[in-house]
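Single-structure report; data block below.
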Amino acid sequence: MPDAPRSRPVHASASSDADFYARVYRVVERIPEGRVTTYGRIARHLGAPRASRAVGWALKAVASDPVSALEIPCHRVVNREGRLTGRLHFVTPTAMEERLRAEGVAFTAPDRVDLAAHLWDPA
DNA sequence: GCAGTGACCTCGT
DNA sequence: AACGAGGCCACTG
C-alpha cells in the first residue's frame with residue numbers, strides 16, 4: 001500500500017515493522033495496567049540503547065493525536081528516575097499523574113512514581 | 001541537505 | 001554523592 005502520512009501517529013497494527021514509531025507504540029501497548037517502564041528500557045529493547053530520546057519523540061506525537069492517545073498508554077512511560085517528565089504534554093498537567101494513581105501506582109513524590117514497585121521490563 | 005530541537009541516558013569531574 | 005557536559009536518535013523547518 002502507499003506510504004502512510006508520517007506527521008500523524010499511526011496505530012501499531014496498521015504500520016510496518018520498519019517504522020520506528022510503530023515499534024515504540026507496540027512496546028508501550030504491552031505495558032500492563034498499574035505498571036510503568038522507562039524510555040531507556042524501551043529503546044534498549046528495540047535494539048537502540050541510545051534512542052531513548054526518539055522514544056519520547058514518538059510519545060509526543062501520540063499526545064497530539066486524540067485517537068492514538070486513547071489506544072496507547074503513554075502515561076505509563078517515565079524517565080530513569082521515575083519522574084513524569086512528559087506530564088506537561090498531556091491534555092492537562094495532572095492527567096498523567098491522575099491516570100497512574102487510578103491504576104494503583106504508588107508515588108514517592110508529587111511527580112515521581114515508585115519504580116522499584118511498578119517497573120515493568122519489555123523483555 | 002543542513003541545522004536545530006527534545007517526554008533521555010551515561011560518563012566525567 | 002551531586003552537578004555538568006556530551007552523545008545518540010529520529011523529526012521538522
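Ligands are numbered from 1 in the order shown, chains are lettered A, B, ... in the order of the C-alpha cells, and residues start at 1 in each chain.
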Leaving out DT10 of chain B and any residue of its chain fewer than 2 positions from it, which residues lie within 12 Å of it when counting only C-alpha atoms (C1' of nucleotides), given as a ChimeraX atom specification?
/A:40,49-50,52,80 /B:8,12 /C:5-8
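Near chain C, within 12 Å and using only C-alpha atoms (C1' of nucleotides), the residues of chain A are Arg6, Ser7, Arg8, Asp19, Phe20, Tyr21, Ala43, Gly47, Ala48, Pro49, Arg50, Ala51, Ser52, Arg53, Ala54, Val55, Gly56, Trp57, Ala58, Lys60 and Ala61 of chain A.
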Can you tell me, as a PyMOL selection string, what residues are no more than 6 Å from segment 113-120 of chain A when counting only C-alpha atoms (C1' of nucleotides), ignoring any on the same chain fewer than 4 positions away?
chain A and resi 35-37+82+106-108
Go ahead and write the residues just picked, all heavy atoms, as a compact mmCIF listing (two decimals), in the first residue's frame.
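The resulting out_27.txt:
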```txt
# COMPACT_ATOMS: atom_id res chain seq x y z
N ARG A 35 1.50 -0.75 35.84
CA ARG A 35 2.96 -0.87 35.74
C ARG A 35 3.50 0.30 34.92
O ARG A 35 2.77 0.92 34.17
CB ARG A 35 3.33 -2.17 35.04
CG ARG A 35 2.87 -3.41 35.77
CD ARG A 35 3.83 -3.77 36.88
NE ARG A 35 3.28 -4.83 37.72
CZ ARG A 35 3.98 -5.46 38.66
NH1 ARG A 35 5.22 -5.10 38.87
NH2 ARG A 35 3.44 -6.39 39.39
N VAL A 36 4.79 0.55 35.06
CA VAL A 36 5.43 1.61 34.28
C VAL A 36 6.77 1.13 33.75
O VAL A 36 7.34 0.16 34.27
CB VAL A 36 5.66 2.87 35.14
CG1 VAL A 36 4.34 3.48 35.59
CG2 VAL A 36 6.55 2.55 36.34
N THR A 37 7.27 1.78 32.73
CA THR A 37 8.60 1.47 32.21
C THR A 37 9.28 2.77 31.82
O THR A 37 8.68 3.84 31.89
CB THR A 37 8.53 0.50 31.02
OG1 THR A 37 9.84 0.02 30.73
CG2 THR A 37 7.97 1.20 29.80
N GLY A 82 11.95 7.82 37.47
CA GLY A 82 10.54 7.66 37.80
C GLY A 82 9.78 8.97 37.72
O GLY A 82 8.61 9.05 38.10
N ALA A 106 2.02 3.71 42.99
CA ALA A 106 2.42 4.49 44.17
C ALA A 106 3.41 5.58 43.80
O ALA A 106 4.25 5.40 42.93
CB ALA A 106 3.03 3.56 45.21
N PHE A 107 3.29 6.72 44.48
CA PHE A 107 4.18 7.84 44.24
C PHE A 107 5.10 8.08 45.44
O PHE A 107 4.65 8.01 46.58
CB PHE A 107 3.36 9.11 43.96
CG PHE A 107 2.81 9.18 42.56
CD1 PHE A 107 1.82 8.29 42.15
CD2 PHE A 107 3.29 10.11 41.66
CE1 PHE A 107 1.32 8.35 40.86
CE2 PHE A 107 2.80 10.18 40.37
CZ PHE A 107 1.81 9.31 39.97
N THR A 108 6.36 8.38 45.14
CA THR A 108 7.30 8.70 46.21
C THR A 108 7.44 10.21 46.34
O THR A 108 8.03 10.71 47.28
CB THR A 108 8.69 8.09 45.92
OG1 THR A 108 9.18 8.64 44.69
CG2 THR A 108 8.59 6.59 45.80
```
Neighbours of chain A in chain B at 8 Å, counting only C-alpha atoms (C1' of nucleotides), as a list in words
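Every residue of chain B that passes the 8 Å test is in DG6, DA7, DC8 and DC9 of chain B.
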Report the distance between atom CA of Arg99 of chain A and atom CA of Leu70 of chain A in Å, rounded to one decimal place.
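Value for the atom CA of Arg99 of chain A-atom CA of Leu70 of chain A distance: 11.9 Å.
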Going by DSSP on the backbone, which residues of chain A come out as alpha helix (DSSP H)? List them as a CSV table (one decimal) with N, CA and C atoms, in the first residue's frame.
```csv
chain,number,residue,atom,x,y,z
A,20,PHE,N,9.9,3.2,13.1
A,20,PHE,CA,10.4,3.2,14.5
A,20,PHE,C,9.3,3.6,15.5
A,21,TYR,N,8.5,4.5,15.1
A,21,TYR,CA,7.4,4.9,15.9
A,21,TYR,C,6.5,3.7,16.2
A,22,ALA,N,6.1,3.0,15.2
A,22,ALA,CA,5.2,1.8,15.3
A,22,ALA,C,5.8,0.8,16.3
A,23,ARG,N,7.1,0.6,16.2
A,23,ARG,CA,7.8,-0.3,17.1
A,23,ARG,C,7.7,0.2,18.6
A,24,VAL,N,7.8,1.5,18.7
A,24,VAL,CA,7.7,2.1,20.1
A,24,VAL,C,6.3,1.8,20.6
A,25,TYR,N,5.3,2.1,19.8
A,25,TYR,CA,3.9,2.0,20.2
A,25,TYR,C,3.6,0.6,20.6
A,26,ARG,N,4.1,-0.4,19.8
A,26,ARG,CA,3.9,-1.8,20.0
A,26,ARG,C,4.3,-2.2,21.4
A,27,VAL,N,5.5,-1.6,21.8
A,27,VAL,CA,6.0,-2.0,23.2
A,27,VAL,C,5.2,-1.3,24.2
A,28,VAL,N,4.8,0.0,24.0
A,28,VAL,CA,4.1,0.7,25.0
A,28,VAL,C,2.7,0.1,25.2
A,29,GLU,N,2.1,-0.5,24.2
A,29,GLU,CA,0.8,-1.1,24.3
A,29,GLU,C,0.9,-2.4,25.2
A,30,ARG,N,2.1,-2.9,25.3
A,30,ARG,CA,2.2,-4.1,26.1
A,30,ARG,C,2.4,-3.9,27.6
A,39,TYR,N,12.0,5.2,29.2
A,39,TYR,CA,12.4,5.4,27.8
A,39,TYR,C,13.5,4.6,27.4
A,40,GLY,N,14.5,4.5,28.3
A,40,GLY,CA,15.7,3.7,28.1
A,40,GLY,C,15.4,2.3,27.9
A,41,ARG,N,14.5,1.7,28.7
A,41,ARG,CA,14.2,0.3,28.6
A,41,ARG,C,13.6,0.0,27.2
A,42,ILE,N,12.7,0.8,26.8
A,42,ILE,CA,12.1,0.7,25.5
A,42,ILE,C,13.1,0.7,24.4
A,43,ALA,N,14.0,1.7,24.5
A,43,ALA,CA,15.0,1.9,23.4
A,43,ALA,C,15.9,0.7,23.4
A,44,ARG,N,16.3,0.2,24.5
A,44,ARG,CA,17.2,-0.9,24.6
A,44,ARG,C,16.5,-2.2,24.0
A,45,HIS,N,15.3,-2.3,24.3
A,45,HIS,CA,14.5,-3.5,23.8
A,45,HIS,C,14.4,-3.4,22.3
A,52,SER,N,16.7,6.7,23.3
A,52,SER,CA,15.7,7.0,24.3
A,52,SER,C,15.0,8.3,24.0
A,53,ARG,N,15.7,9.2,23.4
A,53,ARG,CA,15.1,10.5,23.1
A,53,ARG,C,14.0,10.3,22.0
A,54,ALA,N,14.4,9.5,21.0
A,54,ALA,CA,13.4,9.2,19.9
A,54,ALA,C,12.1,8.6,20.5
A,55,VAL,N,12.3,7.8,21.5
A,55,VAL,CA,11.1,7.2,22.1
A,55,VAL,C,10.2,8.3,22.7
A,56,GLY,N,10.7,9.3,23.4
A,56,GLY,CA,9.9,10.4,23.9
A,56,GLY,C,9.3,11.2,22.7
A,57,TRP,N,10.0,11.2,21.6
A,57,TRP,CA,9.5,11.9,20.4
A,57,TRP,C,8.3,11.2,19.9
A,58,ALA,N,8.3,9.9,19.9
A,58,ALA,CA,7.2,9.1,19.4
A,58,ALA,C,6.0,9.4,20.3
A,59,LEU,N,6.2,9.4,21.6
A,59,LEU,CA,5.1,9.6,22.5
A,59,LEU,C,4.5,11.0,22.5
A,60,LYS,N,5.3,11.9,22.1
A,60,LYS,CA,4.9,13.3,22.0
A,60,LYS,C,3.9,13.4,20.8
A,61,ALA,N,4.2,12.6,19.8
A,61,ALA,CA,3.3,12.6,18.6
A,61,ALA,C,2.0,12.0,19.0
A,62,VAL,N,2.0,11.1,19.9
A,62,VAL,CA,0.7,10.4,20.3
A,62,VAL,C,-0.1,11.5,21.1
A,63,ALA,N,0.5,12.3,21.9
A,63,ALA,CA,-0.2,13.3,22.7
A,63,ALA,C,-1.0,14.2,21.8
A,66,PRO,N,-5.6,12.6,19.5
A,66,PRO,CA,-6.6,12.1,20.5
A,66,PRO,C,-6.9,10.6,20.3
A,67,VAL,N,-7.0,10.2,19.1
A,67,VAL,CA,-7.3,8.7,18.9
A,67,VAL,C,-6.2,7.8,19.4
A,68,SER,N,-5.0,8.1,19.0
A,68,SER,CA,-3.9,7.3,19.4
A,68,SER,C,-3.7,7.4,20.9
A,69,ALA,N,-4.0,8.6,21.5
A,69,ALA,CA,-3.8,8.8,22.9
A,69,ALA,C,-4.6,7.9,23.7
A,70,LEU,N,-5.8,7.5,23.2
A,70,LEU,CA,-6.7,6.6,23.9
A,70,LEU,C,-6.2,5.1,23.7
A,71,GLU,N,-5.6,4.8,22.6
A,71,GLU,CA,-5.1,3.5,22.4
A,71,GLU,C,-3.8,3.1,23.1
A,95,ALA,N,-3.0,15.2,34.2
A,95,ALA,CA,-3.7,14.0,33.7
A,95,ALA,C,-2.8,12.7,33.8
A,96,MET,N,-1.5,12.9,33.6
A,96,MET,CA,-0.6,11.7,33.6
A,96,MET,C,-0.6,11.1,35.1
A,97,GLU,N,-0.5,12.0,36.0
A,97,GLU,CA,-0.4,11.6,37.4
A,97,GLU,C,-1.8,10.9,37.8
A,98,GLU,N,-2.9,11.5,37.4
A,98,GLU,CA,-4.2,11.0,37.8
A,98,GLU,C,-4.4,9.6,37.2
A,99,ARG,N,-4.0,9.4,36.0
A,99,ARG,CA,-4.2,8.1,35.4
A,99,ARG,C,-3.4,7.0,36.1
A,100,LEU,N,-2.2,7.4,36.5
A,100,LEU,CA,-1.3,6.4,37.1
A,100,LEU,C,-1.9,6.1,38.5
A,101,ARG,N,-2.3,7.1,39.2
A,101,ARG,CA,-2.9,6.9,40.6
A,101,ARG,C,-4.1,6.0,40.5
A,102,ALA,N,-4.9,6.2,39.4
A,102,ALA,CA,-6.2,5.5,39.2
A,102,ALA,C,-5.9,4.0,39.0
A,115,LEU,N,9.4,3.4,41.2
A,115,LEU,CA,9.9,2.5,40.1
A,115,LEU,C,10.1,1.1,40.7
A,116,ALA,N,10.7,1.0,41.9
A,116,ALA,CA,11.0,-0.3,42.4
A,116,ALA,C,9.8,-1.2,42.5
A,117,ALA,N,8.6,-0.6,42.8
A,117,ALA,CA,7.4,-1.4,43.0
A,117,ALA,C,6.6,-1.7,41.7
A,118,HIS,N,6.8,-0.8,40.7
A,118,HIS,CA,6.0,-0.9,39.5
A,118,HIS,C,6.7,-1.1,38.2
```
Please, what distance in Å, to one decimal, runs between atom CA of Arg112 of chain A and atom C1' of DT13 of chain B?
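Going from atom CA of Arg112 of chain A over to atom C1' of DT13 of chain B, I get 27.6 Å.
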In segment 15-111 of chain A, what's strand (DSSP E or B) per DSSP? Answer as a compact mmCIF listing (two decimals) with C-alpha atoms, in the first residue's frame?
```txt
# COMPACT_ATOMS: atom_id res chain seq x y z
CA VAL A 36 5.43 1.61 34.28
CA THR A 37 8.60 1.47 32.21
CA THR A 38 11.28 3.89 31.09
CA VAL A 77 6.33 5.71 30.42
CA VAL A 78 8.56 7.68 32.77
CA ARG A 83 9.81 11.32 37.11
CA PHE A 107 4.18 7.84 44.24
CA THR A 108 7.30 8.70 46.21
CA ALA A 109 6.91 12.40 45.34
```
What is the atom CA of Pro110 of chain A-atom C1' of DC11 of chain B distance in Å, reported with one decimal?
29.0 Å
